[in-house]
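Notes follow the structure.
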Amino acid sequence: MEEIGQLRIFVPDEQFSIYQKLGRNFFSKNSQFFVYCAITGKRKGYKQSLKNKHELFQANTLSQHEWTVLKSIYYDDENVAGTYKDIITKAQDYASGGFEWLMNNEFRDFVHFDENYLLTGNETEFQIKLIDYTLNHKNEVPF
Amino acid sequence: MKIESLTMKNFRQYYGRQTIDFAQGENQEVVTVILGENGRGKTGIYRAMLFALFGDEKLNQDTDEASLNLVNLKAIKESNDNVEAEVTLTFSHNSQQYVISRKLVGGLINDKVTEQRAGQKLKGITSGEEWIGEEDISLQIQQFIDERVKNYFFFDGERIERLTRVSHQQRKEISTGIKNLLKIDDVFKTEAVLKEVKSKANAELSKYSSGEYKKALHELEKREKEYADLLLEKENNEEYSSTMENELNNVNQKLSEFESMSALLNSRDQLEQEVKKAEAKIEEKTMQLRVFNDYLPLMMGEDTLELVQAKLKKELENQDFSGISSSFVQQLVSDMQCICGTDLSKNQEQLQELKSLEASVKEYEENKTSHELLEALNSLFDFLSGRKDVIELQLTDINQMSYEKEENQVKLEKLNNRLSDSAEGEMQHLNDKRKELHRKIDEAENQRERLQSQLTSLTETIKNGKSHLKELEKRSGVRSKLLEKNDLLDRSLQTMSGLIATFEKEMIEELERAAQQNLQYLLDASGQSMISRVKINKDYSIEVYNAYNQPFLANISQGQRQVLSLSFITALAQVAGGDSTLEMPLLMDTPFGRLSEMHQKNLIDYLPQICSQWVLLVTGREFGEEEKKKFEEFGVLGKFYELESQEAGMTVIREKQEIGGVKK
């Protein structure tokens with residue numbers, strides 16, 4: 001496997017502001033909500049390739065555990081380890097799909113879409129929803 | 001005077017013709033109780049009596065701006081023509097029976113109710129005499145009851161309440177009461193005429209005097225004029241205060257109707273506070289939850305990662321050789337020597353095992369990335385272990401708080417539905433008005449104090465001025481006729497004022513005695529031990545003294561204040577009646593308001609002893625079964641009516657048939 005080097009992670013333009021806001025106000029860094037969306041996309045089977053994209057963070061800021069999640073996603077799909085670049089590309093596609101799914105379902109009461117996604121509504125309620133959904137997502141009715 | 005019956009036709013709330021027969025005092029049954037909730041027309045009965053006897057269309061308590069219709073509105077609306085309202089009062093005086101009736105007509109002009117008087121008649125049933133002129137009737141009624149003291153026999157709850165407050169109104173009520181009781185209008189008139197003559201004499205004296213005397217006289221006149229102006233200003237101020245206090249009373253009365261709403265508002269405030277507190281607590285707890293957000297992306301993948309972990313485990317089954325390289329095993333096989341020193345060429349079995357190991361290690365090395373991923377997954381699950389429980393615990397706390405908050409929000413919503421916006425707005429408006437009135441009353445009080453202090457200082461100046469003038473008169477040796485006339489007028493005025501003061505002093509002493517006697521009878525044991533004397537102060541305020549002869553009014557309860565007020569009002573009636581047993585009926589509107597059980601019992605026991613008739617207008621709240629029983633125990637209840645509201649603005653008088661379980 002090649003080095004992570006200068007690999008960068010991108011998200012769709014319209015999703016960027018929410019990533020930034022959540023990265024600043026709710027998480028310690030931008031990569032965390034990216035991984036959250038990627039794993040959601042994987043679970044829901046939603047992925048979409050990026051068209052207009054915006055750099056979110058450098059791949060070398062991902063923690064070991066976060067890499068484990070992303071590698072697992074790739075491995076589960078491809079049954080091989082894959083290069084960092086492959087892993088990131090797949091993760092970006094899933095994150096983009098997962099983001100869309102979250103914003104149109106679980107978090108729909110807290111976002112507004114007008115060209116770009118914007119986080120609105122009560123932050124306390126959003127925080128509770130974020131935790132509640134994460135803890136209880138396994139109980140979701142499969143579709 | 002005894003009132004026998006009152007018939008009202010289309011008067012106030014009384015649609016059609018309705019009659020009340022009053023208890024006449026046979027077998028000690030002197031009490032007539034008329035029970036009705038607020039707005040049913042209790043005061044209407046009081047109005048009807050004063051209208052019949054004196055032609056009064058307004059009560060003292062009515063505000064000037066209040067438009068009050070005496071003709072029943074329902075009757076007016078039903079009729080295409082004018083409607084006649086009539087009040088007829090049958091009464092007896094000195095064994096002579098009389099009937100007085102007064103009429104009004106009312107109708108709608110441009111959707112506005114207009115009313116006008118339509119005649120009156122007083123008829124002596126025993127004598128057959130008849131009076132129809134307003135003045136003739138007034139003169140005749142004056143023989144039965146002095147109009148000046150009528151209010152001491154017909155008094156409403158508001159006056160009782162007014163007298164319980166230390167205010168300008170209380171003092172005015174008492175000073176007017178005393179003035180009316182003195183019945184020396186001619187003396188007051190003479191005093192006023194003398195003052196006028198004195199003023200003219202001064203002007204004349206000034207005209208014919210000269211030098212220092214003239215200057216001093218001018219100065220004195222100036223001061224006296226100043227004094228008179230200040231006095232007038234003070235009177236106006238008192239009148240203004242009185243109006244404000246009346247208005248305040250009305251506002252308080254209206255606000256008391258919102259009492260139940262005020263309890264709801266308090267509950268709402270409390271709930272709102274609780275919701276706010278819960279919100280703050282939830283926010284604080286939620287902020288604390290943010291430290292766990294770093295775990296969320298990892299937790300989110302837990303089920304997917306478990307599947308990958310299972311998949312990897314299956315794939316890498318029996319390949320746990322991390323730490324041994326294939327080249328090392330290859331070297332051992334080529335050297336035919338095991339690490340334990342065994343010669344493998346001599347031990348074929350061990351060689352086979354080592355070869356198998358060599359193959360396995362090679363396979364492991366080919367799947368190294370998968371092995372690393374599995375290890376990373378195991379490490380990730382270790383990292384997450386236990387975290388979920390901690391977060392769940394915190395979330396349960398927050399959910400519990402949110403649930404409680406939502407419960408309070410539901411309660412709040414229900415409360416808000418009960419508190420309609422309009423009523424709330426009206427209450428707010430009344431509260432604002434109340435605040436404004438308090439401010440105006442305080443301002444007037446301050447102004448009055450300033451005026452009083454100016455008046456006191458002017459009194460001293462005038463006194464000195466007068467002495468100075470006398471000195472100058474002596475020095476100049478002038479003893480003209482004018483000065484003598486002036487002197488004479490001064491002395492007359494002093495005598496007249498002294499006479500009035502003496503009468504007033506005697507009247508005050510009589511009132512104090514009667515009020516004190518009533519008070520001692522009406523107070524319960526604890527009150528009696530507390531209050532030993534009633535006094536009317538120079539400024540006409542009431543004071544009570546304790547056993548140590550110290551002013552004690554500030555320490556007595558609201559209930560005791562009401563008893564004091566009742567004692568004083570009854571004393572006014574007693575003094576006006578001029579007899580220990582009143583010859584006049586006493587009509588009281590809602591007198592039991594704040595009375596304790598013992599005070600109420602004393603009142604029920606005492607008043608029938610000192611009056612010939614006692615008419616009580618009461619609400620259900622102050623006259624329940626218990627109170628009725630007390631009247632029955634004393635055997636004084638003769639008639640009992642209830643006012644029933646049939647529809648808005650229409651009250652029907654129903655006689656309660658059974659008194660003391662016996663059909664009357």
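Chains: A, B, ... in order of the structure tokens. Residues: from 1 per chain. Ligands: from 1, in order shown.
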List every residue of chain A that DSSP, applied to the backbone of this structure, assigns to helix (DSSP H, G or I), and report them as a PyMOL selection string. chain A and resi 13-25+30-44+59-61+64-78+84-104+108-110+123-139
Could you list the residues in chain A lying within 8 Å of chain B, using only C-alpha atoms, and format the result as a PyMOL selection string? chain A and resi 26-28+32-33+35-37+39-40+43+65-66+68-69+71-73+75-76+80-81+124+127-128+131-132+134-135+137-138
Output for the residues just chosen: N, CA, C and O atoms as a tab-separated table (two decimals), in the first residue's frame:
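For reference, selection.tsv as written:
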chain	number	residue	atom	x	y	z
A	26	PHE	N	-19.63	20.83	16.71
A	26	PHE	CA	-20.07	19.58	17.35
A	26	PHE	C	-18.93	18.55	17.47
A	26	PHE	O	-18.94	17.75	18.39
A	27	PHE	N	-18.05	18.53	16.48
A	27	PHE	CA	-16.96	17.54	16.51
A	27	PHE	C	-15.62	18.24	16.71
A	27	PHE	O	-15.56	19.47	16.67
A	28	SER	N	-14.58	17.42	16.93
A	28	SER	CA	-13.25	18.02	17.13
A	28	SER	C	-12.60	18.37	15.80
A	28	SER	O	-11.73	19.22	15.73
A	32	GLN	N	-14.43	13.77	11.32
A	32	GLN	CA	-15.35	12.91	12.08
A	32	GLN	C	-16.73	12.80	11.45
A	32	GLN	O	-17.27	11.71	11.33
A	33	PHE	N	-17.31	13.96	11.06
A	33	PHE	CA	-18.64	13.85	10.46
A	33	PHE	C	-18.55	13.22	9.07
A	33	PHE	O	-19.49	12.56	8.61
A	35	VAL	N	-16.59	10.67	8.29
A	35	VAL	CA	-16.63	9.22	8.54
A	35	VAL	C	-18.05	8.79	8.90
A	35	VAL	O	-18.54	7.75	8.47
A	36	TYR	N	-18.72	9.67	9.70
A	36	TYR	CA	-20.10	9.41	10.12
A	36	TYR	C	-21.00	9.24	8.88
A	36	TYR	O	-21.80	8.30	8.78
A	37	CYS	N	-20.82	10.15	7.93
A	37	CYS	CA	-21.65	10.11	6.72
A	37	CYS	C	-21.27	8.90	5.85
A	37	CYS	O	-22.14	8.26	5.27
A	39	ILE	N	-20.03	5.99	6.71
A	39	ILE	CA	-20.54	4.72	7.24
A	39	ILE	C	-22.07	4.67	7.11
A	39	ILE	O	-22.64	3.61	6.86
A	40	THR	N	-22.71	5.84	7.21
A	40	THR	CA	-24.17	5.88	7.02
A	40	THR	C	-24.51	5.51	5.57
A	40	THR	O	-25.42	4.71	5.30
A	43	ARG	N	-24.12	1.86	5.13
A	43	ARG	CA	-25.21	1.11	5.78
A	43	ARG	C	-26.50	1.21	4.95
A	43	ARG	O	-27.26	0.25	4.86
A	65	HIS	N	-8.40	4.74	14.04
A	65	HIS	CA	-9.73	4.12	14.11
A	65	HIS	C	-10.59	4.54	12.92
A	65	HIS	O	-11.37	3.75	12.39
A	66	GLU	N	-10.45	5.83	12.54
A	66	GLU	CA	-11.25	6.30	11.40
A	66	GLU	C	-10.81	5.58	10.12
A	66	GLU	O	-11.65	5.18	9.30
A	68	THR	N	-9.64	2.64	10.05
A	68	THR	CA	-10.17	1.28	10.18
A	68	THR	C	-11.59	1.22	9.60
A	68	THR	O	-11.94	0.29	8.88
A	69	VAL	N	-12.37	2.25	9.94
A	69	VAL	CA	-13.76	2.26	9.44
A	69	VAL	C	-13.76	2.35	7.91
A	69	VAL	O	-14.47	1.59	7.23
A	71	LYS	N	-11.37	1.65	5.77
A	71	LYS	CA	-10.81	0.44	5.15
A	71	LYS	C	-11.84	-0.69	5.18
A	71	LYS	O	-11.96	-1.47	4.23
A	72	SER	N	-12.56	-0.80	6.28
A	72	SER	CA	-13.57	-1.86	6.41
A	72	SER	C	-14.65	-1.71	5.34
A	72	SER	O	-15.14	-2.68	4.78
A	73	ILE	N	-15.04	-0.43	5.12
A	73	ILE	CA	-16.06	-0.18	4.09
A	73	ILE	C	-15.56	-0.71	2.74
A	73	ILE	O	-16.26	-1.44	2.03
A	75	TYR	N	-13.14	-2.87	2.14
A	75	TYR	CA	-12.94	-4.32	2.18
A	75	TYR	C	-14.26	-5.06	2.01
A	75	TYR	O	-14.36	-6.05	1.28
A	76	ASP	N	-15.27	-4.55	2.67
A	76	ASP	CA	-16.59	-5.21	2.63
A	76	ASP	C	-17.14	-5.22	1.19
A	76	ASP	O	-17.74	-6.18	0.76
A	80	VAL	N	-10.93	-6.96	-0.99
A	80	VAL	CA	-9.47	-6.77	-0.99
A	80	VAL	C	-9.17	-5.49	-0.21
A	80	VAL	O	-10.08	-4.70	0.07
A	81	ALA	N	-7.90	-5.30	0.11
A	81	ALA	CA	-7.54	-4.17	0.96
A	81	ALA	C	-7.69	-2.83	0.23
A	81	ALA	O	-8.26	-1.90	0.75
A	124	THR	N	-29.22	22.40	20.61
A	124	THR	CA	-29.34	21.42	21.70
A	124	THR	C	-30.13	20.21	21.21
A	124	THR	O	-29.76	19.06	21.44
A	127	GLN	N	-28.07	18.14	18.86
A	127	GLN	CA	-27.08	17.32	19.56
A	127	GLN	C	-27.75	16.04	20.11
A	127	GLN	O	-27.22	14.93	20.00
A	128	ILE	N	-28.94	16.24	20.69
A	128	ILE	CA	-29.65	15.08	21.26
A	128	ILE	C	-30.01	14.10	20.15
A	128	ILE	O	-29.85	12.89	20.27
A	131	ILE	N	-26.96	12.07	18.95
A	131	ILE	CA	-26.60	10.98	19.88
A	131	ILE	C	-27.67	9.89	19.83
A	131	ILE	O	-27.36	8.69	19.74
A	132	ASP	N	-28.91	10.34	19.89
A	132	ASP	CA	-30.01	9.38	19.96
A	132	ASP	C	-30.01	8.48	18.72
A	132	ASP	O	-30.15	7.26	18.81
A	134	THR	N	-27.51	7.83	16.72
A	134	THR	CA	-26.32	6.98	16.68
A	134	THR	C	-26.49	5.76	17.59
A	134	THR	O	-26.16	4.63	17.20
A	135	LEU	N	-27.03	6.02	18.78
A	135	LEU	CA	-27.18	4.91	19.72
A	135	LEU	C	-28.25	3.93	19.28
A	135	LEU	O	-28.19	2.74	19.58
A	137	HIS	N	-29.49	3.47	16.03
A	137	HIS	CA	-29.64	3.21	14.59
A	137	HIS	C	-29.79	1.72	14.29
A	137	HIS	O	-30.38	1.33	13.31
A	138	LYS	N	-29.27	0.90	15.21
A	138	LYS	CA	-29.35	-0.55	14.96
A	138	LYS	C	-30.80	-1.04	15.03
A	138	LYS	O	-31.13	-2.10	14.53
Give me, as an mmCIF file with all heavy atoms, in the first residue's frame, all polymer residues having an atom no more than 9 Å from A:Glu100, counting only C-alpha atoms and skipping those fewer than 5 positions away in the same chain.
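That gives us result-v8.cif:
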data_model
loop_
_atom_site.group_PDB
_atom_site.id
_atom_site.type_symbol
_atom_site.label_atom_id
_atom_site.label_comp_id
_atom_site.auth_asym_id
_atom_site.auth_seq_id
_atom_site.Cartn_x
_atom_site.Cartn_y
_atom_site.Cartn_z
ATOM 1 N N GLN A 15 -22.544 20.586 0.246
ATOM 2 C CA GLN A 15 -22.548 19.997 1.595
ATOM 3 C C GLN A 15 -21.499 20.639 2.504
ATOM 4 O O GLN A 15 -21.539 20.467 3.724
ATOM 5 C CB GLN A 15 -22.267 18.489 1.506
ATOM 6 C CG GLN A 15 -23.341 17.724 0.740
ATOM 7 C CD GLN A 15 -23.012 16.236 0.627
ATOM 8 O OE1 GLN A 15 -21.948 15.784 1.063
ATOM 9 N NE2 GLN A 15 -23.925 15.480 0.034
ATOM 10 N N CYS A 37 -20.818 10.153 7.929
ATOM 11 C CA CYS A 37 -21.647 10.110 6.723
ATOM 12 C C CYS A 37 -21.268 8.904 5.850
ATOM 13 O O CYS A 37 -22.144 8.258 5.269
ATOM 14 C CB CYS A 37 -21.475 11.389 5.906
ATOM 15 S SG CYS A 37 -22.234 12.796 6.699
ATOM 16 N N GLY A 41 -23.754 6.107 4.650
ATOM 17 C CA GLY A 41 -23.973 5.805 3.224
ATOM 18 C C GLY A 41 -23.807 4.316 2.969
ATOM 19 O O GLY A 41 -24.609 3.700 2.248
ATOM 20 N N TYR A 46 -26.299 4.019 0.010
ATOM 21 C CA TYR A 46 -26.382 5.258 -0.776
ATOM 22 C C TYR A 46 -24.981 5.750 -1.081
ATOM 23 O O TYR A 46 -24.207 6.000 -0.157
ATOM 24 C CB TYR A 46 -27.101 6.357 0.032
ATOM 25 C CG TYR A 46 -28.592 6.347 -0.091
ATOM 26 C CD1 TYR A 46 -29.350 5.445 0.634
ATOM 27 C CD2 TYR A 46 -29.239 7.258 -0.922
ATOM 28 C CE1 TYR A 46 -30.717 5.416 0.537
ATOM 29 C CE2 TYR A 46 -30.620 7.240 -1.023
ATOM 30 C CZ TYR A 46 -31.366 6.334 -0.297
ATOM 31 O OH TYR A 46 -32.718 6.310 -0.385
ATOM 32 N N ALA A 95 -19.875 8.917 1.620
ATOM 33 C CA ALA A 95 -20.146 10.066 2.499
ATOM 34 C C ALA A 95 -21.143 11.007 1.837
ATOM 35 O O ALA A 95 -22.078 11.504 2.487
ATOM 36 C CB ALA A 95 -18.854 10.816 2.811
ATOM 37 N N ASN A 105 -33.582 12.688 5.932
ATOM 38 C CA ASN A 105 -34.345 11.823 6.830
ATOM 39 C C ASN A 105 -34.152 12.228 8.282
ATOM 40 O O ASN A 105 -34.915 13.052 8.785
ATOM 41 C CB ASN A 105 -33.953 10.359 6.600
ATOM 42 C CG ASN A 105 -34.394 9.883 5.228
ATOM 43 O OD1 ASN A 105 -35.542 9.544 5.024
ATOM 44 N ND2 ASN A 105 -33.479 9.908 4.262
#
Shortest interatomic distance to B:Ile178 - which of B:Glu506, B:Glu272, B:Glu37, B:Glu78, counting only C-alpha atoms: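 Smallest distance to B:Ile178 is found for B:Glu506.
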Straight-line distance linking atom CA of B:Tyr641 with atom CA of B:Asp21, stated in Å to one decimal: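 Between atom CA of B:Tyr641 and atom CA of B:Asp21 the gap works out to 9.5 Å.
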Hey, what's within 9 Å of stretch 217-223 of chain B if we count only C-alpha atoms and toss same-chain stuff fewer than 2 positions away? As a PyMOL selection string, please? chain B and resi 199+202-203+205-206+209+212-215+225-228+458-459+461-462+465-466+469
Counting only C-alpha atoms, the residue of A:Phe34, A:Tyr84, A:Phe99, A:Tyr74 that sits nearest A:Asn60: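 Of A:Phe34, A:Tyr84, A:Phe99, A:Tyr74, the one nearest A:Asn60 is A:Tyr84, counting only C-alpha atoms.
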Please list as a list in words every residue within 7 Å of stretch 138-152 of chain B, counting only C-alpha atoms and excluding residues in the same chain fewer than 2 positions away.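 The neighbour list is Met1, Phe54, His93, Glu134, Glu135, Asp136, Phe154, Phe155, Asn180, Leu181, Ile569, Leu572, Ala573 and Ala576 of chain B.
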Mind writing the picked residues with all heavy atoms as a short mmCIF file (atom, residue, chain, number, x, y, z; two decimals), in the first residue's frame?
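Once written, out_0.cif looks like this:
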data_model
loop_
_atom_site.label_atom_id
_atom_site.label_comp_id
_atom_site.auth_asym_id
_atom_site.auth_seq_id
_atom_site.Cartn_x
_atom_site.Cartn_y
_atom_site.Cartn_z
N MET B 1 -89.73 53.96 61.52
CA MET B 1 -90.10 53.59 60.15
C MET B 1 -89.81 52.10 59.91
O MET B 1 -88.73 51.62 60.27
CB MET B 1 -89.27 54.42 59.16
CG MET B 1 -89.58 54.13 57.73
SD MET B 1 -88.47 55.10 56.69
CE MET B 1 -89.03 54.62 55.11
N PHE B 54 -86.21 58.83 48.09
CA PHE B 54 -85.61 60.16 47.88
C PHE B 54 -85.50 60.55 46.41
O PHE B 54 -85.02 61.64 46.11
CB PHE B 54 -84.20 60.19 48.51
CG PHE B 54 -84.20 59.79 49.95
CD1 PHE B 54 -83.77 58.53 50.35
CD2 PHE B 54 -84.65 60.68 50.92
CE1 PHE B 54 -83.78 58.16 51.68
CE2 PHE B 54 -84.66 60.31 52.26
CZ PHE B 54 -84.23 59.05 52.64
N HIS B 93 -94.90 54.31 59.69
CA HIS B 93 -94.18 55.19 60.60
C HIS B 93 -95.17 55.67 61.64
O HIS B 93 -96.24 56.17 61.31
CB HIS B 93 -93.60 56.38 59.81
CG HIS B 93 -92.77 57.29 60.66
ND1 HIS B 93 -91.54 56.92 61.16
CD2 HIS B 93 -92.99 58.55 61.12
CE1 HIS B 93 -91.04 57.91 61.87
NE2 HIS B 93 -91.91 58.91 61.86
N GLU B 134 -92.97 66.91 43.93
CA GLU B 134 -91.64 66.44 44.36
C GLU B 134 -91.26 67.04 45.72
O GLU B 134 -90.79 66.34 46.63
CB GLU B 134 -90.62 66.84 43.27
CG GLU B 134 -89.21 66.43 43.54
CD GLU B 134 -88.97 64.95 43.29
OE1 GLU B 134 -89.10 64.52 42.14
OE2 GLU B 134 -88.65 64.24 44.27
N GLU B 135 -91.46 68.36 45.84
CA GLU B 135 -91.07 69.05 47.08
C GLU B 135 -91.90 68.61 48.26
O GLU B 135 -91.40 68.40 49.37
CB GLU B 135 -91.18 70.56 46.89
CG GLU B 135 -89.85 71.18 46.55
CD GLU B 135 -89.94 72.69 46.41
OE1 GLU B 135 -90.55 73.32 47.32
OE2 GLU B 135 -89.44 73.21 45.42
N ASP B 136 -93.23 68.47 48.02
CA ASP B 136 -94.13 68.05 49.10
C ASP B 136 -93.73 66.68 49.62
O ASP B 136 -93.68 66.44 50.83
CB ASP B 136 -95.59 67.98 48.58
CG ASP B 136 -96.11 69.37 48.21
OD1 ASP B 136 -95.53 70.35 48.73
OD2 ASP B 136 -97.05 69.46 47.41
N PHE B 154 -78.79 52.82 55.10
CA PHE B 154 -78.65 52.01 53.89
C PHE B 154 -77.18 52.02 53.51
O PHE B 154 -76.69 52.98 52.94
CB PHE B 154 -79.47 52.61 52.74
CG PHE B 154 -80.94 52.66 53.03
CD1 PHE B 154 -81.51 53.76 53.64
CD2 PHE B 154 -81.75 51.60 52.66
CE1 PHE B 154 -82.86 53.80 53.91
CE2 PHE B 154 -83.11 51.65 52.93
CZ PHE B 154 -83.67 52.74 53.55
N PHE B 155 -76.48 51.02 53.91
CA PHE B 155 -75.07 51.08 53.52
C PHE B 155 -74.57 49.81 52.85
O PHE B 155 -74.98 48.71 53.17
CB PHE B 155 -74.17 51.52 54.65
CG PHE B 155 -74.27 50.73 55.91
CD1 PHE B 155 -73.51 49.58 56.07
CD2 PHE B 155 -75.09 51.14 56.94
CE1 PHE B 155 -73.59 48.86 57.25
CE2 PHE B 155 -75.17 50.42 58.10
CZ PHE B 155 -74.43 49.27 58.26
N ASN B 180 -73.27 65.85 59.23
CA ASN B 180 -74.67 65.52 58.96
C ASN B 180 -75.42 65.21 60.24
O ASN B 180 -76.58 65.59 60.41
CB ASN B 180 -74.77 64.31 58.03
CG ASN B 180 -74.45 64.68 56.61
OD1 ASN B 180 -74.61 65.83 56.22
ND2 ASN B 180 -73.99 63.72 55.82
N LEU B 181 -74.74 64.52 61.15
CA LEU B 181 -75.40 64.14 62.39
C LEU B 181 -75.70 65.35 63.27
O LEU B 181 -76.69 65.38 64.01
CB LEU B 181 -74.52 63.16 63.18
CG LEU B 181 -74.50 61.73 62.68
CD1 LEU B 181 -73.55 60.91 63.50
CD2 LEU B 181 -75.89 61.11 62.72
N ILE B 569 -70.21 52.43 61.69
CA ILE B 569 -71.38 52.73 60.85
C ILE B 569 -72.68 52.53 61.65
O ILE B 569 -73.60 53.33 61.57
CB ILE B 569 -71.36 51.85 59.58
CG1 ILE B 569 -70.28 52.40 58.64
CG2 ILE B 569 -72.70 51.86 58.88
CD1 ILE B 569 -70.17 51.68 57.34
N LEU B 572 -73.14 55.43 63.82
CA LEU B 572 -73.69 56.58 63.09
C LEU B 572 -75.21 56.45 63.02
O LEU B 572 -75.95 57.41 63.26
CB LEU B 572 -73.13 56.64 61.67
CG LEU B 572 -71.72 57.19 61.48
CD1 LEU B 572 -71.28 57.00 60.04
CD2 LEU B 572 -71.65 58.67 61.84
N ALA B 573 -75.66 55.23 62.71
CA ALA B 573 -77.11 55.00 62.61
C ALA B 573 -77.77 55.15 63.99
O ALA B 573 -78.84 55.75 64.10
CB ALA B 573 -77.37 53.60 62.06
N ALA B 576 -77.84 58.80 64.82
CA ALA B 576 -78.82 59.45 63.96
C ALA B 576 -80.24 59.11 64.41
O ALA B 576 -81.13 59.95 64.39
CB ALA B 576 -78.61 59.03 62.52
#
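Take atom CA of B:Lys463 and atom CA of B:Gln494: the distance between them is 13.3 Å.
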For stretch 99-116 of chain B, work out the shell of residues within 8 Å, counting only C-alpha atoms and skipping chain neighbours fewer than 2 positions away, then give it as a ChimeraX atom specification. /B:51-53,55,69-71,76-77,81-91,97,118-125
Can you write just those residues out, C-alpha atoms, as a short mmCIF file (atom, residue, chain, number, x, y, z; two decimals), in the first residue's frame?
data_model
loop_
_atom_site.label_atom_id
_atom_site.label_comp_id
_atom_site.auth_asym_id
_atom_site.auth_seq_id
_atom_site.Cartn_x
_atom_site.Cartn_y
_atom_site.Cartn_z
CA PHE B 51 -85.07 55.91 44.44
CA ALA B 52 -88.48 55.36 45.99
CA LEU B 53 -87.80 57.34 49.16
CA GLY B 55 -85.77 59.97 44.09
CA ASN B 69 -79.91 52.79 33.17
CA LEU B 70 -82.68 52.26 35.66
CA VAL B 71 -85.27 50.99 33.18
CA ILE B 76 -86.92 48.35 26.35
CA LYS B 77 -85.57 46.10 23.60
CA ASP B 81 -92.60 52.14 22.42
CA ASN B 82 -91.42 53.68 25.68
CA VAL B 83 -91.32 51.37 28.68
CA GLU B 84 -92.45 52.35 32.15
CA ALA B 85 -90.42 51.43 35.19
CA GLU B 86 -91.85 51.83 38.66
CA VAL B 87 -90.73 51.31 42.21
CA THR B 88 -93.28 51.14 45.01
CA LEU B 89 -92.32 51.04 48.66
CA THR B 90 -94.84 50.36 51.38
CA PHE B 91 -93.80 51.37 54.86
CA GLN B 97 -99.03 53.16 56.80
CA ALA B 118 -92.62 60.10 34.90
CA GLY B 119 -94.09 61.13 38.24
CA GLN B 120 -94.21 60.18 41.88
CA LYS B 121 -96.84 59.75 44.54
CA LEU B 122 -96.85 59.38 48.30
CA LYS B 123 -100.06 58.16 49.84
CA GLY B 124 -101.00 57.83 53.50
CA ILE B 125 -102.99 54.62 53.53
#
